[in-house]
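Engineer: Coordinates in target27.pdb, PDB, C-alpha atoms, are listed below.
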```pdb
ATOM      1  CA  MET A   7       0.000   0.000   0.000
ATOM      2  CA  ALA A   8       2.841   2.337   0.850
ATOM      3  CA  LYS A   9       4.364   1.814  -2.589
ATOM      4  CA  VAL A  10       0.977   2.419  -4.253
ATOM      5  CA  ALA A  11       0.460   5.500  -2.122
ATOM      6  CA  SER A  12       3.920   6.741  -3.012
ATOM      7  CA  ALA A  13       3.251   6.142  -6.712
ATOM      8  CA  VAL A  14      -0.069   7.956  -6.505
ATOM      9  CA  ALA A  15       1.528  10.835  -4.630
ATOM     10  CA  ALA A  16       4.293  11.069  -7.199
ATOM     11  CA  ALA A  17       1.740  11.065 -10.000
ATOM     12  CA  LEU A  18      -0.234  13.818  -8.293
ATOM     13  CA  VAL A  19       2.910  15.886  -7.889
ATOM     14  CA  LEU A  20       3.678  15.402 -11.580
ATOM     15  CA  VAL A  21       0.136  16.432 -12.565
ATOM     16  CA  ILE A  22       0.365  19.515 -10.345
ATOM     17  CA  MET A  23       3.707  20.427 -11.877
ATOM     18  CA  VAL A  24       2.317  20.051 -15.406
ATOM     19  CA  VAL A  25      -0.793  22.091 -14.600
ATOM     20  CA  ALA A  26       1.304  24.735 -12.882
ATOM     21  CA  ALA A  27       3.586  24.907 -15.886
ATOM     22  CA  GLY A  28       0.567  25.349 -18.136
ATOM     23  CA  VAL A  29      -0.850  28.121 -15.978
ATOM     24  CA  THR A  30       2.529  29.803 -15.831
ATOM     25  CA  GLY A  31       2.747  29.598 -19.591
ATOM     26  CA  LEU A  32      -0.646  31.215 -19.999
ATOM     27  CA  LEU A  33       0.168  33.982 -17.559
ATOM     28  CA  SER A  34       3.550  34.617 -19.135
ATOM     29  CA  ALA A  35       2.233  34.658 -22.706
ATOM     30  CA  PHE A  36       2.065  38.430 -22.418
ATOM     31  CA  GLY A  37       4.683  38.771 -19.701
ATOM     32  CA  GLY A  38       8.071  40.401 -19.788
ATOM     33  CA  GLN A  39       9.541  42.628 -22.477
ATOM     34  CA  SER A  40      11.025  39.879 -24.665
ATOM     35  CA  SER A  41       8.407  39.902 -27.415
ATOM     36  CA  ARG A  42       9.284  41.483 -30.722
ATOM     37  CA  PRO A  43       6.926  43.755 -32.639
ATOM     38  CA  SER A  44       5.291  41.812 -35.452
ATOM     39  CA  ALA A  45       5.059  43.101 -39.008
ATOM     40  CA  THR A  46       1.447  44.034 -38.174
ATOM     41  CA  ALA A  47       2.599  46.135 -35.222
ATOM     42  CA  ILE A  48       5.289  47.936 -37.175
ATOM     43  CA  ALA A  49       2.905  48.744 -40.023
ATOM     44  CA  ASP A  50       0.061  49.886 -37.765
ATOM     45  CA  ILE A  51       1.607  51.640 -34.762
ATOM     46  CA  PRO A  52       3.169  55.100 -35.193
ATOM     47  CA  GLY A  53       6.845  55.014 -34.299
ATOM     48  CA  GLU A  54       6.512  57.445 -31.415
ATOM     49  CA  TYR A  55       3.720  55.396 -29.887
ATOM     50  CA  LEU A  56       5.494  52.065 -30.370
ATOM     51  CA  ASN A  57       8.524  53.442 -28.582
ATOM     52  CA  LEU A  58       6.388  54.741 -25.702
ATOM     53  CA  TYR A  59       4.488  51.453 -25.304
ATOM     54  CA  ARG A  60       7.753  49.506 -25.112
ATOM     55  CA  GLN A  61       9.367  51.924 -22.670
ATOM     56  CA  ALA A  62       6.319  52.253 -20.414
ATOM     57  CA  ALA A  63       5.847  48.480 -20.157
ATOM     58  CA  ILE A  64       9.275  48.175 -18.564
ATOM     59  CA  THR A  65       7.919  50.045 -15.509
ATOM     60  CA  CYS A  66       5.624  47.083 -14.765
ATOM     61  CA  PRO A  67       7.416  43.722 -14.469
ATOM     62  CA  GLY A  68       5.435  41.069 -16.289
ATOM     63  CA  LEU A  69       3.458  43.476 -18.516
ATOM     64  CA  ASP A  70       4.209  43.053 -22.200
ATOM     65  CA  TRP A  71       4.209  46.208 -24.296
ATOM     66  CA  SER A  72       1.738  44.597 -26.725
ATOM     67  CA  VAL A  73      -1.061  44.796 -24.142
ATOM     68  CA  LEU A  74      -0.546  48.537 -23.740
ATOM     69  CA  ALA A  75      -0.425  48.908 -27.520
ATOM     70  CA  ALA A  76      -3.614  46.881 -27.919
ATOM     71  CA  ILE A  77      -5.448  49.135 -25.465
ATOM     72  CA  GLY A  78      -4.152  52.176 -27.347
ATOM     73  CA  LYS A  79      -5.445  50.672 -30.581
ATOM     74  CA  VAL A  80      -8.883  49.810 -29.220
ATOM     75  CA  GLU A  81      -9.329  53.115 -27.393
ATOM     76  CA  SER A  82      -8.153  55.621 -30.009
ATOM     77  CA  ASP A  83      -6.278  53.929 -32.875
ATOM     78  CA  HIS A  84      -3.051  55.168 -31.256
ATOM     79  CA  GLY A  85      -4.309  58.736 -31.030
ATOM     80  CA  ARG A  86      -5.411  58.893 -34.666
ATOM     81  CA  SER A  87      -9.151  58.742 -34.006
ATOM     82  CA  THR A  88     -11.075  61.945 -34.657
ATOM     83  CA  LEU A  89     -13.864  61.027 -32.231
ATOM     84  CA  PRO A  90     -14.640  63.447 -29.375
ATOM     85  CA  GLY A  91     -12.366  63.127 -26.387
ATOM     86  CA  VAL A  92      -9.235  61.861 -28.122
ATOM     87  CA  ARG A  93      -7.517  65.182 -28.791
ATOM     88  CA  SER A  94      -9.804  67.548 -26.892
ATOM     89  CA  GLY A  95     -12.964  67.474 -24.831
ATOM     90  CA  ALA A  96     -14.383  64.179 -23.610
ATOM     91  CA  ASN A  97     -16.528  61.384 -24.967
ATOM     92  CA  GLN A  98     -19.983  60.536 -23.606
ATOM     93  CA  ALA A  99     -18.427  58.578 -20.736
ATOM     94  CA  GLY A 100     -16.134  61.467 -19.819
ATOM     95  CA  ALA A 101     -12.982  59.753 -21.126
ATOM     96  CA  ARG A 102     -10.109  61.798 -22.506
ATOM     97  CA  GLY A 103      -6.908  61.349 -24.499
ATOM     98  CA  PRO A 104      -5.367  58.523 -26.535
ATOM     99  CA  MET A 105      -5.743  56.005 -23.695
ATOM    100  CA  GLN A 106      -9.257  57.285 -22.825
ATOM    101  CA  PHE A 107      -8.888  58.013 -19.124
ATOM    102  CA  ILE A 108     -11.730  59.156 -16.887
ATOM    103  CA  ASP A 109     -10.526  62.276 -15.046
ATOM    104  CA  SER A 110     -10.845  60.773 -11.560
ATOM    105  CA  THR A 111      -8.891  57.659 -12.553
ATOM    106  CA  PHE A 112      -6.142  59.626 -14.254
ATOM    107  CA  THR A 113      -5.816  61.921 -11.229
ATOM    108  CA  GLN A 114      -5.638  58.935  -8.878
ATOM    109  CA  VAL A 115      -2.989  57.154 -10.944
ATOM    110  CA  THR A 116      -0.772  60.198 -11.495
ATOM    111  CA  ALA A 117      -0.997  61.127  -7.820
ATOM    112  CA  GLY A 118       0.508  57.771  -6.883
ATOM    113  CA  HIS A 119       2.987  57.354  -9.739
ATOM    114  CA  GLU A 120       5.612  59.821 -10.917
ATOM    115  CA  LEU A 121       5.544  60.072 -14.687
ATOM    116  CA  PRO A 122       8.821  60.536 -16.589
ATOM    117  CA  GLN A 123       9.946  63.927 -17.861
ATOM    118  CA  SER A 124       6.903  65.752 -16.586
ATOM    119  CA  GLY A 125       8.924  68.210 -14.490
ATOM    120  CA  THR A 126       6.646  70.845 -13.042
ATOM    121  CA  ARG A 127       4.141  70.386 -15.873
ATOM    122  CA  ARG A 128       0.818  69.005 -14.764
ATOM    123  CA  PRO A 129       0.246  65.539 -16.297
ATOM    124  CA  SER A 130      -2.319  65.534 -19.080
ATOM    125  CA  PRO A 131      -4.398  62.636 -20.409
ATOM    126  CA  TYR A 132      -4.022  64.187 -23.889
ATOM    127  CA  ASN A 133      -0.229  63.897 -23.731
ATOM    128  CA  ALA A 134       0.673  60.519 -25.268
ATOM    129  CA  GLN A 135       3.625  59.925 -22.946
ATOM    130  CA  ASP A 136       1.650  60.788 -19.814
ATOM    131  CA  ALA A 137      -1.327  58.702 -20.902
ATOM    132  CA  ILE A 138       0.664  55.588 -21.845
ATOM    133  CA  TYR A 139       2.811  55.601 -18.702
ATOM    134  CA  ALA A 140      -0.312  56.161 -16.589
ATOM    135  CA  ALA A 141      -2.030  53.248 -18.344
ATOM    136  CA  ALA A 142       0.944  51.002 -17.565
ATOM    137  CA  ALA A 143       0.796  52.021 -13.902
ATOM    138  CA  TYR A 144      -2.971  51.472 -13.739
ATOM    139  CA  LEU A 145      -2.731  48.007 -15.275
ATOM    140  CA  CYS A 146       0.146  47.151 -12.958
ATOM    141  CA  ASP A 147      -1.829  48.175  -9.870
ATOM    142  CA  SER A 148      -4.856  46.248 -11.132
ATOM    143  CA  GLY A 149      -3.197  42.844 -11.491
ATOM    144  CA  ALA A 150      -0.726  42.945 -14.389
ATOM    145  CA  ARG A 151       2.386  43.043 -12.196
ATOM    146  CA  ASN A 152       4.334  39.784 -12.618
ATOM    147  CA  GLY A 153       1.471  38.424 -14.729
ATOM    148  CA  ARG A 154      -0.600  37.928 -11.580
ATOM    149  CA  ASP A 155      -4.031  38.535 -13.151
ATOM    150  CA  LEU A 156      -3.864  40.165 -16.548
ATOM    151  CA  HIS A 157      -7.515  39.441 -17.289
ATOM    152  CA  ARG A 158      -8.588  41.346 -14.186
ATOM    153  CA  ALA A 159      -6.234  44.210 -15.011
ATOM    154  CA  ILE A 160      -7.734  44.682 -18.476
ATOM    155  CA  TYR A 161     -11.269  44.195 -17.126
ATOM    156  CA  THR A 162     -10.586  46.940 -14.584
ATOM    157  CA  TYR A 163      -9.602  49.230 -17.436
ATOM    158  CA  ASN A 164     -13.004  48.621 -19.086
ATOM    159  CA  HIS A 165     -15.591  46.457 -17.330
ATOM    160  CA  ALA A 166     -16.549  44.180 -20.229
ATOM    161  CA  ASP A 167     -15.491  40.651 -21.137
ATOM    162  CA  TRP A 168     -15.716  41.463 -24.854
ATOM    163  CA  TYR A 169     -13.225  44.277 -24.240
ATOM    164  CA  VAL A 170     -10.738  41.921 -22.565
ATOM    165  CA  SER A 171     -11.026  39.452 -25.442
ATOM    166  CA  LYS A 172     -10.578  42.201 -28.038
ATOM    167  CA  VAL A 173      -7.502  43.630 -26.309
ATOM    168  CA  LEU A 174      -5.851  40.225 -25.934
ATOM    169  CA  ALA A 175      -6.548  39.339 -29.568
ATOM    170  CA  GLN A 176      -5.084  42.650 -30.728
ATOM    171  CA  ALA A 177      -2.066  42.138 -28.475
ATOM    172  CA  ARG A 178      -1.436  38.716 -29.991
ATOM    173  CA  SER A 179      -1.405  40.232 -33.477
ATOM    174  CA  TYR A 180       1.188  42.782 -32.343
ATOM    175  CA  ARG A 181       3.550  40.226 -30.832
ATOM    176  CA  GLY A 182       6.225  38.708 -33.023
ATOM    177  CA  THR A 183       8.386  35.749 -32.057
ATOM    178  CA  ALA A 184       9.618  35.977 -28.494
ATOM    179  CA  SER A 185      13.381  36.016 -28.464
ATOM    180  CA  THR A 186      16.272  37.296 -26.450
ATOM    181  CA  ALA A 187      17.960  38.333 -29.692
ATOM    182  CA  PRO A 188      16.728  41.780 -30.713
ATOM    183  CA  ILE A 189      15.636  42.582 -34.235
ATOM    184  CA  PRO A 190      18.201  44.982 -35.740
ATOM    185  CA  ALA A 191      17.019  48.568 -35.395
ATOM    186  CA  ALA A 192      17.597  49.114 -39.111
ATOM    187  CA  SER A 193      15.090  46.381 -40.000
ATOM    188  CA  LEU A 194      12.426  47.892 -37.745
ATOM    189  CA  ALA A 195      13.089  51.368 -39.138
ATOM    190  CA  ILE A 196      12.775  50.158 -42.724
ATOM    191  CA  ALA A 197       9.571  48.248 -41.986
ATOM    192  CA  TYR A 198       8.059  51.354 -40.418
ATOM    193  CA  ALA A 199       9.111  53.569 -43.330
ATOM    194  CA  ARG A 200       7.662  51.133 -45.875
ATOM    195  CA  ALA A 201       4.310  51.364 -44.118
ATOM    196  CA  GLN A 202       4.273  55.147 -44.697
ATOM    197  CA  VAL A 203       4.723  54.974 -48.485
ATOM    198  CA  GLY A 204       1.956  56.946 -50.171
ATOM    199  CA  LEU A 205       1.439  59.461 -47.365
ATOM    200  CA  PRO A 206       1.859  63.090 -48.459
ATOM    201  CA  TYR A 207       4.967  65.177 -47.967
ATOM    202  CA  VAL A 208       4.223  67.788 -45.294
ATOM    203  CA  TRP A 209       6.756  70.498 -44.450
ATOM    204  CA  GLY A 210       7.604  70.062 -40.761
ATOM    205  CA  GLY A 211       5.340  67.007 -40.605
ATOM    206  CA  ASP A 212       5.895  64.399 -37.910
ATOM    207  CA  GLY A 213       3.190  62.027 -39.089
ATOM    208  CA  PRO A 214      -0.372  61.092 -38.126
ATOM    209  CA  ALA A 215       0.552  60.416 -34.493
ATOM    210  CA  ALA A 216       1.484  64.087 -34.171
ATOM    211  CA  GLY A 217      -1.608  65.311 -35.970
ATOM    212  CA  ALA A 218      -0.019  65.740 -39.418
ATOM    213  CA  PRO A 219      -1.257  63.837 -42.482
ATOM    214  CA  GLY A 220       2.311  63.011 -43.498
ATOM    215  CA  PHE A 221       6.015  63.681 -43.000
ATOM    216  CA  ASP A 222       8.844  65.764 -44.289
ATOM    217  CA  CYS A 223      12.113  63.974 -45.045
ATOM    218  CA  SER A 224      13.703  64.154 -41.601
ATOM    219  CA  GLY A 225      10.369  63.667 -39.820
ATOM    220  CA  LEU A 226      10.068  60.335 -41.609
ATOM    221  CA  THR A 227      13.560  59.111 -40.734
ATOM    222  CA  LYS A 228      13.165  60.270 -37.139
ATOM    223  CA  ALA A 229       9.823  58.428 -36.754
ATOM    224  CA  ALA A 230      11.192  55.314 -38.469
ATOM    225  CA  TYR A 231      14.081  55.006 -36.048
ATOM    226  CA  ALA A 232      11.834  55.928 -33.111
ATOM    227  CA  ALA A 233       9.850  52.793 -33.980
ATOM    228  CA  ALA A 234      13.085  50.879 -33.470
ATOM    229  CA  GLY A 235      13.812  52.557 -30.147
ATOM    230  CA  VAL A 236      16.521  54.835 -31.549
ATOM    231  CA  SER A 237      16.243  58.575 -30.980
ATOM    232  CA  LEU A 238      17.353  60.891 -33.782
ATOM    233  CA  PRO A 239      17.489  64.695 -33.877
ATOM    234  CA  ARG A 240      14.730  66.439 -35.804
ATOM    235  CA  THR A 241      16.314  68.075 -38.855
ATOM    236  CA  ALA A 242      18.330  66.568 -41.708
ATOM    237  CA  GLN A 243      21.377  68.674 -40.782
ATOM    238  CA  GLN A 244      21.174  67.589 -37.137
ATOM    239  CA  GLN A 245      20.798  63.947 -38.132
ATOM    240  CA  TYR A 246      23.848  64.195 -40.379
ATOM    241  CA  ASP A 247      25.883  65.841 -37.618
ATOM    242  CA  ALA A 248      24.806  63.152 -35.107
ATOM    243  CA  GLY A 249      26.501  60.445 -37.224
ATOM    244  CA  PRO A 250      28.293  58.153 -37.092
ATOM    245  CA  GLN A 251      29.485  58.744 -40.637
ATOM    246  CA  VAL A 252      29.854  55.878 -43.086
ATOM    247  CA  PRO A 253      33.451  56.158 -44.422
ATOM    248  CA  SER A 254      33.696  57.211 -48.053
ATOM    249  CA  GLY A 255      33.933  54.158 -50.298
ATOM    250  CA  GLU A 256      32.439  51.747 -47.726
ATOM    251  CA  PRO A 257      29.398  49.878 -49.093
ATOM    252  CA  LEU A 258      26.043  51.088 -47.874
ATOM    253  CA  VAL A 259      23.857  48.737 -45.821
ATOM    254  CA  PRO A 260      20.078  48.808 -45.320
ATOM    255  CA  GLY A 261      19.161  51.290 -42.615
ATOM    256  CA  ASP A 262      21.845  53.841 -43.489
ATOM    257  CA  LEU A 263      20.657  57.432 -43.695
ATOM    258  CA  LEU A 264      21.476  59.134 -46.993
ATOM    259  CA  PHE A 265      22.101  62.878 -47.067
ATOM    260  CA  TYR A 266      22.025  65.522 -49.756
ATOM    261  CA  GLY A 267      23.511  69.019 -49.767
ATOM    262  CA  HIS A 268      26.644  70.519 -48.252
ATOM    263  CA  PRO A 269      27.863  68.546 -45.225
ATOM    264  CA  ARG A 270      28.843  71.497 -43.057
ATOM    265  CA  SER A 271      25.811  73.709 -43.052
ATOM    266  CA  ALA A 272      23.402  72.997 -45.888
ATOM    267  CA  ILE A 273      22.108  69.441 -45.651
ATOM    268  CA  HIS A 274      18.644  69.793 -47.140
ATOM    269  CA  HIS A 275      17.403  66.228 -47.602
ATOM    270  CA  VAL A 276      17.645  62.759 -46.046
ATOM    271  CA  GLY A 277      16.396  59.330 -47.081
ATOM    272  CA  LEU A 278      16.535  55.801 -45.649
ATOM    273  CA  TYR A 279      18.575  53.260 -47.616
ATOM    274  CA  ILE A 280      16.774  49.933 -48.144
ATOM    275  CA  GLY A 281      19.329  48.101 -50.296
ATOM    276  CA  ASP A 282      19.872  47.498 -54.018
ATOM    277  CA  GLY A 283      20.630  51.169 -54.611
ATOM    278  CA  ARG A 284      17.192  52.275 -53.405
ATOM    279  CA  MET A 285      15.808  54.382 -50.606
ATOM    280  CA  ILE A 286      12.548  55.483 -49.008
ATOM    281  CA  ASP A 287      12.131  59.234 -48.689
ATOM    282  CA  ALA A 288       9.667  62.101 -48.513
ATOM    283  CA  PRO A 289      10.849  63.983 -51.605
ATOM    284  CA  GLY A 290       9.166  67.394 -51.424
ATOM    285  CA  ARG A 291       6.028  69.496 -51.649
ATOM    286  CA  GLY A 292       3.270  68.097 -53.801
ATOM    287  CA  LYS A 293       4.732  64.583 -53.688
ATOM    288  CA  THR A 294       4.224  61.497 -51.578
ATOM    289  CA  ILE A 295       6.536  59.249 -49.597
ATOM    290  CA  ARG A 296       8.082  56.828 -52.078
ATOM    291  CA  THR A 297      10.715  54.227 -52.778
ATOM    292  CA  GLY A 298      13.206  54.918 -55.540
ATOM    293  CA  PRO A 299      16.889  55.063 -56.519
ATOM    294  CA  PHE A 300      19.052  57.022 -54.111
ATOM    295  CA  ARG A 301      21.189  58.427 -56.943
ATOM    296  CA  TYR A 302      19.361  60.409 -59.563
ATOM    297  CA  ALA A 303      20.077  63.035 -62.201
ATOM    298  CA  GLY A 304      21.096  66.349 -60.695
ATOM    299  CA  ASP A 305      21.292  65.082 -57.135
ATOM    300  CA  ASP A 306      23.834  66.366 -54.627
ATOM    301  CA  TYR A 307      24.332  63.252 -52.521
ATOM    302  CA  THR A 308      27.014  63.952 -49.947
ATOM    303  CA  GLY A 309      27.266  60.873 -47.719
ATOM    304  CA  ALA A 310      25.622  58.540 -45.225
ATOM    305  CA  THR A 311      25.432  57.842 -41.512
ATOM    306  CA  ARG A 312      24.683  54.583 -39.708
ATOM    307  CA  PRO A 313      22.547  55.127 -36.554
TER
END
```
If you convert what's in this file into structure tokens, what do you get?
Structural biologist:
Amino acid sequence: MAKVASAVAAALVLVIMVVAAGVTGLLSAFGGQSSRPSATAIADIPGEYLNLYRQAAITCPGLDWSVLAAIGKVESDHGRSTLPGVRSGANQAGARGPMQFIDSTFTQVTAGHELPQSGTRRPSPYNAQDAIYAAAAYLCDSGARNGRDLHRAIYTYNHADWYVSKVLAQARSYRGTASTAPIPAASLAIAYARAQVGLPYVWGGDGPAAGAPGFDCSGLTKAAYAAAGVSLPRTAQQQYDAGPQVPSGEPLVPGDLLFYGHPRSAIHHVGLYIGDGRMIDAPGRGKTIRTGPFRYAGDDYTGATRP
């Protein structure tokens, strides 16, 4: 009997271990910051927002950035929605900003959590950085920390089971293969830039996430690398000066920034090299973001940098 009892006990322990492993797997499916953005995420999420989702998720151990991004998608299409309450005012429920916070909830969260780079400025639910970091804190306090109860955390954000299911499904579409090996920043930048082809050139434009219908040349390259977690200066001249320079005669590689004009003080254009002698750029007024050869008749190409 003792041997039978021991065998049964061992079997029960094994079953418990298997079940526990399964539960852990389910809870960790959206845990940590190891997931890569999928092609869907890169094409759909503005670079500035993608960067903020990934950075804010780090403040809550066990919360994957894709859950934050999914909430941003469902609530406001990453700030692109023109519905009342996204950029000004409030919707019928009193929610405001890209993450659709009720005033009392936003005040409660920001009172208990210091938001980055706010300084003496009062946090605003309309500010994408404030809203996304506050959403991460709210989810963390509501059960997302260490994957404890992600379902409850999302349900707390919006009390509806359909909402939880929609957010989790969207998050799954945003998650690429989990890996400890990062995708090269250049690949993410190129994927983001490709998704903008066809948008109009807009002087000073920083893209739809910033309220512009399109980009200018340096706004595009800045947003593309922001999607990869790399910060670039704003203007073409500043980006050229930031380097590092690709030595003259060295072959270009995809992701290099290509500059036109005089290197010291008159860089007037920048494009993103994608290989095979081609680039993506926002060429000028009256035109749209395009792919094309990086050398063309009458150009004044001056060199490249490799962020």
Engineer: Closest to Pro129 of chain A among A:Gly149, A:Gly281, A:Gly103, A:Gly217, using all atoms listed in the file?
Structural biologist: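 That would be A:Gly103, the residue with the smallest distance to Pro129 of chain A.
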Engineer: Report as a count of residues only the full result of the PyMOL selection byres ((chain A and resi 166-172) around 12) when it is applied to this structure.
Structural biologist: 24
Engineer: Could you pull out every residue with an atom within 10 Å of (10.6, 61.3, -51.6), file coordinates, counting all atoms listed in the file, and send them as a VMD selection string?
Structural biologist: chain A and resid 203 to 204 206 to 207 222 to 223 275 to 277 285 to 291 293 to 298 300
Engineer: Name the residues, using the chain letters and numbers of the file, that sit within 9 Å of (14.7, 52.8, -42.5) when counting only C-alpha atoms, and give them as a ChimeraX atom specification.
Structural biologist: /A:191-200,226-227,230-231,260-263,277-280,285-286
Engineer: Separation of atom CA of Gly68 of chain A and atom CA of Ala232 of chain A, in Å?
Structural biologist: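 For atom CA of Gly68 of chain A relative to atom CA of Ala232 of chain A, the distance reads 23.3 Å.
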Engineer: To test your reading of the syntax: which residues would the PyMOL selection byres ((chain A and resi 82) around 10) return for the file shown? Reply as a VMD selection string.
Structural biologist: chain A and resid 77 to 81 83 to 89 91 to 93 102 to 106
Engineer: Would you translate the PyMOL selection byres ((chain A and resi 141-147) around 7) into the concrete set of residues it matches in this file, as number ranges by chain?
Structural biologist: A: 62-63, 66, 74, 115, 137-140, 148-151, 159-160
Engineer: Pick the closest to Gly249 of chain A from A:Ser224, A:Arg270, A:Pro313, A:Pro190: which is it, counting all atoms listed in the file?
Structural biologist: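 Checking each of A:Ser224, A:Arg270, A:Pro313, A:Pro190 against Gly249 of chain A, counting all atoms listed in the file, the winner is A:Pro313.
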Engineer: In Å, with one decimal, what is the gap from atom CA of Asn97 of chain A to atom CA of Tyr132 of chain A?
Structural biologist: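 According to the coordinates, atom CA of Asn97 of chain A and atom CA of Tyr132 of chain A are separated by 12.9 Å.
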Engineer: Return the single residue from A:Tyr246, A:Gly53, A:Leu264, A:Arg42 that is closest to Gln202 of chain A, with distances computed using all atoms listed in the file.
Structural biologist: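 Checking each candidate against Gln202 of chain A, we get A:Gly53 as the closest.
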